[in-house]
$ cat start.cif   # mmCIF, C-alpha atoms
data_entry
#
loop_
_atom_site.label_atom_id
_atom_site.label_comp_id
_atom_site.auth_asym_id
_atom_site.auth_seq_id
_atom_site.Cartn_x
_atom_site.Cartn_y
_atom_site.Cartn_z
CA MET T 147 14.62 -8.87 -9.55
CA ASP T 148 16.29 -6.56 -12.00
CA ILE T 149 16.12 -2.77 -11.88
CA ARG T 150 13.83 -2.64 -14.92
CA SER T 151 11.11 -4.51 -13.07
CA VAL T 152 11.34 -1.97 -10.25
CA ILE T 153 11.18 0.97 -12.64
CA ALA T 154 8.37 -0.53 -14.73
CA ARG T 155 6.14 -1.41 -11.77
CA ARG T 156 3.01 0.71 -11.95
CA SER T 157 0.35 1.41 -9.37
CA VAL T 158 -2.72 -0.71 -10.11
CA ARG T 159 -6.16 0.57 -9.23
CA THR T 160 -8.34 -1.84 -11.18
CA PHE T 161 -8.36 -5.55 -10.45
CA GLU T 162 -9.82 -8.79 -11.68
CA ALA T 163 -12.25 -10.51 -9.34
CA SER T 164 -9.76 -13.36 -8.79
CA PRO T 165 -9.42 -14.17 -5.08
CA ILE T 166 -6.01 -13.87 -3.46
CA PRO T 167 -5.24 -16.82 -1.16
CA ARG T 168 -4.40 -16.01 2.44
CA SER T 169 -1.20 -17.99 1.99
CA THR T 170 -0.12 -15.52 -0.72
CA VAL T 171 -0.70 -12.55 1.59
CA ALA T 172 1.20 -14.34 4.36
CA LEU T 173 4.10 -14.94 1.94
CA ILE T 174 4.16 -11.26 0.98
CA ILE T 175 4.30 -10.20 4.63
CA ASP T 176 6.87 -12.88 5.43
CA GLN T 177 9.19 -11.39 2.80
CA ALA T 178 8.43 -7.71 3.52
CA ARG T 179 8.86 -8.00 7.28
CA TRP T 180 12.62 -8.25 6.68
CA THR T 181 12.65 -4.63 5.51
CA GLY T 182 15.02 -2.54 7.58
CA SER T 183 13.74 0.03 10.03
CA ALA T 184 15.35 2.59 12.30
CA ARG T 185 16.82 0.84 15.33
CA ASN T 186 15.03 -2.31 14.09
CA ARG T 187 11.83 -1.04 15.72
CA GLN T 188 9.66 -2.54 12.96
CA PRO T 189 6.91 0.04 13.63
CA TRP T 190 4.31 -1.84 11.65
CA ARG T 191 1.56 -4.39 11.89
CA PHE T 192 -0.73 -5.52 9.09
CA VAL T 193 -4.38 -6.44 8.74
CA ALA T 194 -5.47 -8.24 5.56
CA VAL T 195 -9.03 -7.16 4.82
CA TYR T 196 -11.06 -9.58 2.73
CA ASP T 197 -14.46 -8.45 4.04
CA GLN T 198 -16.27 -6.49 1.29
CA GLY T 199 -18.14 -4.28 3.75
CA ILE T 200 -14.96 -3.16 5.47
CA ARG T 201 -13.19 -2.62 2.14
CA SER T 202 -16.10 -0.44 1.02
CA GLN T 203 -15.86 1.66 4.17
CA LEU T 204 -12.08 2.01 3.81
CA ALA T 205 -12.63 3.22 0.24
CA GLY T 206 -14.43 6.28 1.61
CA LEU T 207 -11.55 7.33 3.85
CA GLY T 208 -9.51 9.52 1.56
CA ALA T 209 -9.68 11.45 -1.67
CA TYR T 210 -7.79 8.72 -3.50
CA ALA T 211 -8.96 5.61 -1.63
CA GLY T 212 -11.91 4.65 -3.86
CA HIS T 213 -10.06 1.78 -5.55
CA LEU T 214 -9.82 -0.10 -2.22
CA GLU T 215 -13.42 -1.21 -2.63
CA ALA T 216 -12.73 -3.29 -5.74
CA ALA T 217 -9.43 -4.83 -4.62
CA PRO T 218 -9.74 -8.51 -3.65
CA VAL T 219 -7.72 -7.79 -0.51
CA VAL T 220 -6.59 -4.61 1.21
CA LEU T 221 -3.58 -4.61 3.50
CA VAL T 222 -4.01 -2.00 6.20
CA LEU T 223 -0.68 -0.85 7.61
CA LEU T 224 -0.80 -0.10 11.31
CA SER T 225 1.77 2.09 13.02
CA PRO T 226 2.12 3.41 16.57
CA VAL T 227 -0.06 6.41 17.32
CA ALA T 228 2.92 7.94 19.14
CA GLN T 229 5.25 8.16 16.15
CA GLN T 230 8.98 8.64 16.13
CA LEU T 231 10.32 11.04 13.51
CA ASP T 232 11.34 8.11 11.29
CA THR T 233 8.12 6.06 11.54
CA GLU T 234 6.60 7.29 8.28
CA PHE T 235 9.90 6.68 6.49
CA ASP T 236 9.98 3.11 7.81
CA LEU T 237 6.36 2.56 6.74
CA GLY T 238 7.23 3.78 3.27
CA ARG T 239 10.09 1.28 3.12
CA VAL T 240 7.93 -1.68 4.14
CA ALA T 241 5.11 -0.56 1.82
CA GLN T 242 7.56 -0.49 -1.09
CA SER T 243 8.77 -3.97 -0.14
CA ILE T 244 5.18 -5.23 -0.12
CA THR T 245 4.50 -3.82 -3.58
CA LEU T 246 7.70 -5.30 -5.01
CA VAL T 247 7.07 -8.77 -3.55
CA ALA T 248 3.48 -8.62 -4.79
CA ALA T 249 4.72 -7.71 -8.28
CA GLU T 250 7.10 -10.68 -8.27
CA LEU T 251 4.06 -12.87 -7.53
CA GLY T 252 2.12 -11.36 -10.44
CA LEU T 253 -0.07 -9.10 -8.33
CA GLY T 254 -0.78 -5.44 -8.78
CA SER T 255 -0.89 -2.99 -5.91
CA CYS T 256 -1.51 0.62 -5.02
CA ILE T 257 -0.46 2.37 -1.80
CA THR T 258 -3.11 4.67 -0.35
CA SER T 259 -2.98 7.22 2.45
CA LEU T 260 -5.98 7.38 4.77
CA TYR T 261 -5.92 11.09 5.58
CA PRO T 262 -6.84 13.35 7.28
CA GLU T 263 -5.97 11.93 10.70
CA ALA T 264 -9.66 11.43 11.55
CA ASN T 265 -9.82 8.91 8.68
CA SER T 266 -6.91 6.95 10.11
CA ARG T 267 -8.74 6.68 13.44
CA ILE T 268 -11.89 5.44 11.68
CA ALA T 269 -9.82 2.92 9.69
CA ALA T 270 -8.12 1.68 12.87
CA ASP T 271 -11.55 1.09 14.42
CA LEU T 272 -12.79 -0.69 11.26
CA VAL T 273 -9.94 -3.22 11.45
CA SER T 274 -10.08 -3.57 15.24
CA ALA T 275 -6.56 -2.24 15.72
CA ASP T 276 -5.11 -2.67 19.19
CA PRO T 277 -5.05 0.47 21.35
CA GLY T 278 -2.12 2.71 20.49
CA TRP T 279 -2.07 1.74 16.79
CA ALA T 280 -3.16 3.97 13.88
CA ALA T 281 -4.14 3.02 10.32
CA ARG T 282 -2.70 5.79 8.15
CA HIS T 283 -2.01 3.73 5.02
CA ALA T 284 -3.42 0.81 3.07
CA ILE T 285 -2.34 -1.21 0.04
CA ALA T 286 -4.78 -2.60 -2.51
CA LEU T 287 -3.70 -6.02 -3.81
CA GLY T 288 -5.02 -8.14 -6.64
CA VAL T 289 -4.55 -9.50 -10.13
CA PRO T 290 -4.35 -6.44 -12.38
CA ALA T 291 -7.27 -5.91 -14.73
CA PRO T 292 -6.34 -5.01 -18.30
CA LYS T 293 -5.15 -1.43 -18.54
CA PRO T 294 -7.89 0.85 -19.95
CA THR T 295 -7.25 1.74 -23.58
CA VAL T 296 -9.45 4.84 -23.67
CA GLY T 297 -9.28 8.04 -21.75
CA ARG T 298 -6.42 10.08 -20.43
CA SER T 299 -4.73 9.71 -17.09
CA ALA T 300 -5.35 12.52 -14.62
CA ILE T 301 -1.96 11.72 -13.13
CA PRO T 302 1.10 13.33 -14.75
CA LEU T 303 3.25 10.78 -16.54
CA GLY T 304 7.01 10.56 -16.78
CA ARG T 305 9.72 11.52 -14.34
CA ARG T 306 11.90 14.54 -13.73
CA SER T 307 15.31 14.29 -15.30
CA VAL T 308 18.41 13.50 -13.27
CA ALA T 309 19.52 17.10 -13.83
CA GLU T 310 16.28 18.36 -12.23
CA SER T 311 16.47 15.91 -9.34
CA LEU T 312 20.15 15.82 -8.34
CA ARG T 313 22.69 18.41 -7.24
CA PHE T 314 26.35 17.88 -6.49
CA LEU T 315 28.26 19.98 -3.98
#
$ encode --input "start.cif" --output "structure tokens"
Amino acid sequence: MDIRSVIARRSVRTFEASPIPRSTVALIIDQARWTGSARNRQPWRFVAVYDQGIRSQLAGLGAYAGHLEAAPVVLVLLSPVAQQLDTEFDLGRVAQSITLVAAELGLGSCITSLYPEANSRIAADLVSADPGWAARHAIALGVPAPKPTVGRSAIPLGRRSVAESLRFL
């Protein structure tokens, strides 16, 4: 993978109806599970949700979770309820790995937070998480639908410059 493919990867919120084989999801997790974590704790577990009813319910668990309903599969990221200070950082790392592996396989993805905390408890119950595990994040996966050609994005485009983002001491 070259750096341009990392930079060009966009979040995908609209998907074709094409099914995603379970073997593809297993391959994504097999690659992403090698992501580093603090003290190699690997504070994550995953549930691949194919069930339309559960995906629909997950879509109602956050202001920006609506696209989960139309994704062919939703990966729910589980993390320990009793978090260490670095747990969220580690989840972000593995989530990024998942999206990059998915992109290499031609799939689109979008990371979603299931907040407030009450939503993460509901999501954990929906996916039958083991006791002690929370569901604070999910990733929509699927074949990207063509990008809409009309309308304007509500999300600001572009990036801050290096000068705005970096200081040297």
$ residues_near_point --input "start.cif" --point "(-1.6, -1.7, 19.5)" --cutoff "9 Å" --atoms "only C-alpha atoms" --output "mmCIF file with C-alpha atoms, in the coordinates of the input"
data_model
loop_
_atom_site.group_PDB
_atom_site.id
_atom_site.type_symbol
_atom_site.label_atom_id
_atom_site.label_comp_id
_atom_site.auth_asym_id
_atom_site.auth_seq_id
_atom_site.Cartn_x
_atom_site.Cartn_y
_atom_site.Cartn_z
ATOM 1 C CA ARG T 191 1.560 -4.390 11.890
ATOM 2 C CA LEU T 224 -0.800 -0.100 11.310
ATOM 3 C CA SER T 225 1.770 2.090 13.020
ATOM 4 C CA PRO T 226 2.120 3.410 16.570
ATOM 5 C CA VAL T 227 -0.060 6.410 17.320
ATOM 6 C CA ALA T 275 -6.560 -2.240 15.720
ATOM 7 C CA ASP T 276 -5.110 -2.670 19.190
ATOM 8 C CA PRO T 277 -5.050 0.470 21.350
ATOM 9 C CA GLY T 278 -2.120 2.710 20.490
ATOM 10 C CA TRP T 279 -2.070 1.740 16.790
ATOM 11 C CA ALA T 280 -3.160 3.970 13.880
#
$ resolve_selection --input "start.cif" --expression "the PyMOL selection byres ((chain T and resi 228-238) around 12)" --output "MDAnalysis selection string"
chainID T and resid 178:192 222:227 239:245 257:259 277:285
$ residues_around --input "start.cif" --residues "Val220 in chain T" --least-positions-apart "3" --cutoff "10 Å" --atoms "only C-alpha atoms" --output "PyMOL selection string"
chain T and resi 171+192-198+200-201+204-205+213-217+223+255-257+284-288
$ axis_aligned_box --input "start.cif" --around "range 179-196 of chain T" --padding-each-side "4 Å" --output "JSON"
{"center_x": 2.9, "center_y": -3.5, "center_z": 9.2, "size_x": 35.9, "size_y": 20.2, "size_z": 21.0}
$ closest_residue --input "start.cif" --among "T:Gly212, T:Pro262, T:Gly206, T:Pro218" --to "Ala163 in chain T" --atoms "only C-alpha atoms"
T:Pro218
$ closest_residue --input "start.cif" --among "T:Val289, T:Gly254, T:Arg267, T:Tyr261" --to "Arg156 in chain T" --atoms "all atoms listed in the file"
T:Gly254
$ atom_distance --input "start.cif" --atom1 "CA of Arg159 in chain T" --atom2 "CA of Val219 in chain T"
12.2 Å
$ atom_distance --input "start.cif" --atom1 "CA of Val158 in chain T" --atom2 "CA of Leu312 in chain T"
28.3 Å
$ resolve_selection --input "start.cif" --expression "the PyMOL selection byres ((chain T and resi 292) around 10)" --output "ChimeraX atom specification"
/T:158,160-162,289-291,293-295
$ atom_distance --input "start.cif" --atom1 "CA of Leu303 in chain T" --atom2 "CA of Ser164 in chain T"
28.5 Å
$ decode --input "start.cif" --residues "range 261-311 of chain T" --atoms "N, CA and C atoms" --output "PDB file, in the first residue's frame"
ATOM      1  N   TYR T 261     -22.435   6.648  20.853  1.00  0.00           N
ATOM      2  CA  TYR T 261     -22.509   7.438  22.077  1.00  0.00           C
ATOM      3  C   TYR T 261     -23.853   8.117  22.147  1.00  0.00           C
ATOM      4  N   PRO T 262     -24.321   8.472  23.332  1.00  0.00           N
ATOM      5  CA  PRO T 262     -23.659   8.436  24.625  1.00  0.00           C
ATOM      6  C   PRO T 262     -23.502   7.013  25.165  1.00  0.00           C
ATOM      7  N   GLU T 263     -22.928   6.899  26.340  1.00  0.00           N
ATOM      8  CA  GLU T 263     -22.592   5.598  26.918  1.00  0.00           C
ATOM      9  C   GLU T 263     -23.800   4.665  26.986  1.00  0.00           C
ATOM     10  N   ALA T 264     -24.979   5.202  27.200  1.00  0.00           N
ATOM     11  CA  ALA T 264     -26.188   4.358  27.235  1.00  0.00           C
ATOM     12  C   ALA T 264     -26.356   3.622  25.909  1.00  0.00           C
ATOM     13  N   ASN T 265     -26.006   4.270  24.795  1.00  0.00           N
ATOM     14  CA  ASN T 265     -26.092   3.610  23.487  1.00  0.00           C
ATOM     15  C   ASN T 265     -25.115   2.445  23.383  1.00  0.00           C
ATOM     16  N   SER T 266     -23.937   2.603  23.970  1.00  0.00           N
ATOM     17  CA  SER T 266     -22.961   1.509  23.891  1.00  0.00           C
ATOM     18  C   SER T 266     -23.440   0.304  24.694  1.00  0.00           C
ATOM     19  N   ARG T 267     -24.152   0.546  25.776  1.00  0.00           N
ATOM     20  CA  ARG T 267     -24.708  -0.578  26.548  1.00  0.00           C
ATOM     21  C   ARG T 267     -25.809  -1.287  25.761  1.00  0.00           C
ATOM     22  N   ILE T 268     -26.653  -0.504  25.093  1.00  0.00           N
ATOM     23  CA  ILE T 268     -27.711  -1.093  24.260  1.00  0.00           C
ATOM     24  C   ILE T 268     -27.081  -1.908  23.133  1.00  0.00           C
ATOM     25  N   ALA T 269     -26.066  -1.341  22.483  1.00  0.00           N
ATOM     26  CA  ALA T 269     -25.389  -2.045  21.383  1.00  0.00           C
ATOM     27  C   ALA T 269     -24.759  -3.339  21.875  1.00  0.00           C
ATOM     28  N   ALA T 270     -24.138  -3.309  23.044  1.00  0.00           N
ATOM     29  CA  ALA T 270     -23.527  -4.527  23.595  1.00  0.00           C
ATOM     30  C   ALA T 270     -24.588  -5.598  23.816  1.00  0.00           C
ATOM     31  N   ASP T 271     -25.748  -5.203  24.300  1.00  0.00           N
ATOM     32  CA  ASP T 271     -26.843  -6.168  24.486  1.00  0.00           C
ATOM     33  C   ASP T 271     -27.330  -6.709  23.144  1.00  0.00           C
ATOM     34  N   LEU T 272     -27.431  -5.827  22.133  1.00  0.00           N
ATOM     35  CA  LEU T 272     -27.906  -6.255  20.808  1.00  0.00           C
ATOM     36  C   LEU T 272     -27.023  -7.338  20.193  1.00  0.00           C
ATOM     37  N   VAL T 273     -25.713  -7.250  20.453  1.00  0.00           N
ATOM     38  CA  VAL T 273     -24.783  -8.220  19.844  1.00  0.00           C
ATOM     39  C   VAL T 273     -24.385  -9.316  20.830  1.00  0.00           C
ATOM     40  N   SER T 274     -25.087  -9.396  21.931  1.00  0.00           N
ATOM     41  CA  SER T 274     -24.841 -10.428  22.950  1.00  0.00           C
ATOM     42  C   SER T 274     -23.387 -10.455  23.407  1.00  0.00           C
ATOM     43  N   ALA T 275     -22.873  -9.258  23.701  1.00  0.00           N
ATOM     44  CA  ALA T 275     -21.495  -9.157  24.194  1.00  0.00           C
ATOM     45  C   ALA T 275     -21.370  -9.863  25.531  1.00  0.00           C
ATOM     46  N   ASP T 276     -20.219 -10.471  25.761  1.00  0.00           N
ATOM     47  CA  ASP T 276     -19.957 -11.103  27.050  1.00  0.00           C
ATOM     48  C   ASP T 276     -19.967 -10.044  28.151  1.00  0.00           C
ATOM     49  N   PRO T 277     -20.279 -10.431  29.377  1.00  0.00           N
ATOM     50  CA  PRO T 277     -20.237  -9.477  30.489  1.00  0.00           C
ATOM     51  C   PRO T 277     -18.848  -8.831  30.576  1.00  0.00           C
ATOM     52  N   GLY T 278     -18.850  -7.538  30.872  1.00  0.00           N
ATOM     53  CA  GLY T 278     -17.587  -6.818  30.996  1.00  0.00           C
ATOM     54  C   GLY T 278     -17.098  -6.199  29.699  1.00  0.00           C
ATOM     55  N   TRP T 279     -17.864  -6.348  28.612  1.00  0.00           N
ATOM     56  CA  TRP T 279     -17.471  -5.792  27.312  1.00  0.00           C
ATOM     57  C   TRP T 279     -18.491  -4.757  26.864  1.00  0.00           C
ATOM     58  N   ALA T 280     -18.003  -3.624  26.346  1.00  0.00           N
ATOM     59  CA  ALA T 280     -18.844  -2.543  25.850  1.00  0.00           C
ATOM     60  C   ALA T 280     -18.734  -2.465  24.332  1.00  0.00           C
ATOM     61  N   ALA T 281     -19.742  -1.866  23.713  1.00  0.00           N
ATOM     62  CA  ALA T 281     -19.755  -1.682  22.250  1.00  0.00           C
ATOM     63  C   ALA T 281     -19.840  -0.190  21.963  1.00  0.00           C
ATOM     64  N   ARG T 282     -18.706   0.482  21.974  1.00  0.00           N
ATOM     65  CA  ARG T 282     -18.673   1.937  21.810  1.00  0.00           C
ATOM     66  C   ARG T 282     -18.473   2.376  20.364  1.00  0.00           C
ATOM     67  N   HIS T 283     -18.071   1.439  19.498  1.00  0.00           N
ATOM     68  CA  HIS T 283     -17.781   1.804  18.104  1.00  0.00           C
ATOM     69  C   HIS T 283     -18.232   0.693  17.168  1.00  0.00           C
ATOM     70  N   ALA T 284     -18.514   1.083  15.931  1.00  0.00           N
ATOM     71  CA  ALA T 284     -18.878   0.118  14.897  1.00  0.00           C
ATOM     72  C   ALA T 284     -18.289   0.605  13.581  1.00  0.00           C
ATOM     73  N   ILE T 285     -18.127  -0.333  12.647  1.00  0.00           N
ATOM     74  CA  ILE T 285     -17.602   0.013  11.325  1.00  0.00           C
ATOM     75  C   ILE T 285     -18.529  -0.581  10.276  1.00  0.00           C
ATOM     76  N   ALA T 286     -19.094   0.276   9.443  1.00  0.00           N
ATOM     77  CA  ALA T 286     -19.904  -0.171   8.310  1.00  0.00           C
ATOM     78  C   ALA T 286     -18.954  -0.651   7.217  1.00  0.00           C
ATOM     79  N   LEU T 287     -19.274  -1.794   6.610  1.00  0.00           N
ATOM     80  CA  LEU T 287     -18.452  -2.346   5.533  1.00  0.00           C
ATOM     81  C   LEU T 287     -19.327  -2.724   4.348  1.00  0.00           C
ATOM     82  N   GLY T 288     -18.834  -2.469   3.156  1.00  0.00           N
ATOM     83  CA  GLY T 288     -19.553  -2.887   1.962  1.00  0.00           C
ATOM     84  C   GLY T 288     -18.894  -2.358   0.708  1.00  0.00           C
ATOM     85  N   VAL T 289     -19.431  -2.785  -0.424  1.00  0.00           N
ATOM     86  CA  VAL T 289     -18.976  -2.271  -1.714  1.00  0.00           C
ATOM     87  C   VAL T 289     -19.533  -0.856  -1.842  1.00  0.00           C
ATOM     88  N   PRO T 290     -18.669   0.129  -2.065  1.00  0.00           N
ATOM     89  CA  PRO T 290     -19.150   1.509  -2.134  1.00  0.00           C
ATOM     90  C   PRO T 290     -20.143   1.707  -3.279  1.00  0.00           C
ATOM     91  N   ALA T 291     -21.220   2.416  -3.000  1.00  0.00           N
ATOM     92  CA  ALA T 291     -22.139   2.835  -4.043  1.00  0.00           C
ATOM     93  C   ALA T 291     -21.501   4.026  -4.755  1.00  0.00           C
ATOM     94  N   PRO T 292     -21.927   4.303  -5.971  1.00  0.00           N
ATOM     95  CA  PRO T 292     -21.364   5.489  -6.643  1.00  0.00           C
ATOM     96  C   PRO T 292     -21.566   6.732  -5.791  1.00  0.00           C
ATOM     97  N   LYS T 293     -20.561   7.582  -5.799  1.00  0.00           N
ATOM     98  CA  LYS T 293     -20.601   8.810  -5.012  1.00  0.00           C
ATOM     99  C   LYS T 293     -21.690   9.719  -5.582  1.00  0.00           C
ATOM    100  N   PRO T 294     -22.556  10.291  -4.729  1.00  0.00           N
ATOM    101  CA  PRO T 294     -23.600  11.187  -5.231  1.00  0.00           C
ATOM    102  C   PRO T 294     -22.985  12.355  -5.990  1.00  0.00           C
ATOM    103  N   THR T 295     -23.636  12.740  -7.082  1.00  0.00           N
ATOM    104  CA  THR T 295     -23.110  13.833  -7.899  1.00  0.00           C
ATOM    105  C   THR T 295     -23.839  15.143  -7.627  1.00  0.00           C
ATOM    106  N   VAL T 296     -24.911  15.083  -6.843  1.00  0.00           N
ATOM    107  CA  VAL T 296     -25.646  16.307  -6.537  1.00  0.00           C
ATOM    108  C   VAL T 296     -25.574  16.562  -5.043  1.00  0.00           C
ATOM    109  N   GLY T 297     -25.828  17.792  -4.687  1.00  0.00           N
ATOM    110  CA  GLY T 297     -25.826  18.124  -3.274  1.00  0.00           C
ATOM    111  C   GLY T 297     -24.452  18.551  -2.800  1.00  0.00           C
ATOM    112  N   ARG T 298     -24.440  19.026  -1.583  1.00  0.00           N
ATOM    113  CA  ARG T 298     -23.202  19.514  -0.986  1.00  0.00           C
ATOM    114  C   ARG T 298     -22.987  18.779   0.327  1.00  0.00           C
ATOM    115  N   SER T 299     -21.769  18.407   0.577  1.00  0.00           N
ATOM    116  CA  SER T 299     -21.442  17.705   1.812  1.00  0.00           C
ATOM    117  C   SER T 299     -21.620  18.617   3.015  1.00  0.00           C
ATOM    118  N   ALA T 300     -22.211  18.071   4.066  1.00  0.00           N
ATOM    119  CA  ALA T 300     -22.347  18.823   5.314  1.00  0.00           C
ATOM    120  C   ALA T 300     -21.058  18.764   6.123  1.00  0.00           C
ATOM    121  N   ILE T 301     -20.136  17.934   5.673  1.00  0.00           N
ATOM    122  CA  ILE T 301     -18.865  17.750   6.373  1.00  0.00           C
ATOM    123  C   ILE T 301     -17.817  18.634   5.716  1.00  0.00           C
ATOM    124  N   PRO T 302     -17.079  19.424   6.504  1.00  0.00           N
ATOM    125  CA  PRO T 302     -16.032  20.262   5.908  1.00  0.00           C
ATOM    126  C   PRO T 302     -15.017  19.405   5.149  1.00  0.00           C
ATOM    127  N   LEU T 303     -14.598  19.906   4.020  1.00  0.00           N
ATOM    128  CA  LEU T 303     -13.627  19.187   3.193  1.00  0.00           C
ATOM    129  C   LEU T 303     -12.245  19.784   3.372  1.00  0.00           C
ATOM    130  N   GLY T 304     -11.240  19.037   2.966  1.00  0.00           N
ATOM    131  CA  GLY T 304      -9.874  19.525   3.048  1.00  0.00           C
ATOM    132  C   GLY T 304      -9.235  19.224   4.390  1.00  0.00           C
ATOM    133  N   ARG T 305      -8.016  19.643   4.542  1.00  0.00           N
ATOM    134  CA  ARG T 305      -7.254  19.408   5.766  1.00  0.00           C
ATOM    135  C   ARG T 305      -6.526  20.677   6.155  1.00  0.00           C
ATOM    136  N   ARG T 306      -6.259  20.821   7.436  1.00  0.00           N
ATOM    137  CA  ARG T 306      -5.433  21.930   7.906  1.00  0.00           C
ATOM    138  C   ARG T 306      -4.042  21.780   7.301  1.00  0.00           C
ATOM    139  N   SER T 307      -3.390  22.886   7.118  1.00  0.00           N
ATOM    140  CA  SER T 307      -2.031  22.857   6.573  1.00  0.00           C
ATOM    141  C   SER T 307      -1.067  22.310   7.618  1.00  0.00           C
ATOM    142  N   VAL T 308       0.118  21.938   7.171  1.00  0.00           N
ATOM    143  CA  VAL T 308       1.163  21.495   8.088  1.00  0.00           C
ATOM    144  C   VAL T 308       1.487  22.621   9.069  1.00  0.00           C
ATOM    145  N   ALA T 309       1.531  23.847   8.586  1.00  0.00           N
ATOM    146  CA  ALA T 309       1.844  24.983   9.446  1.00  0.00           C
ATOM    147  C   ALA T 309       0.810  25.151  10.563  1.00  0.00           C
ATOM    148  N   GLU T 310      -0.458  24.843  10.280  1.00  0.00           N
ATOM    149  CA  GLU T 310      -1.504  24.924  11.308  1.00  0.00           C
ATOM    150  C   GLU T 310      -1.471  23.741  12.263  1.00  0.00           C
ATOM    151  N   SER T 311      -0.922  22.638  11.832  1.00  0.00           N
ATOM    152  CA  SER T 311      -0.994  21.395  12.599  1.00  0.00           C
ATOM    153  C   SER T 311       0.266  21.036  13.367  1.00  0.00           C
TER     154      SER T 311
END
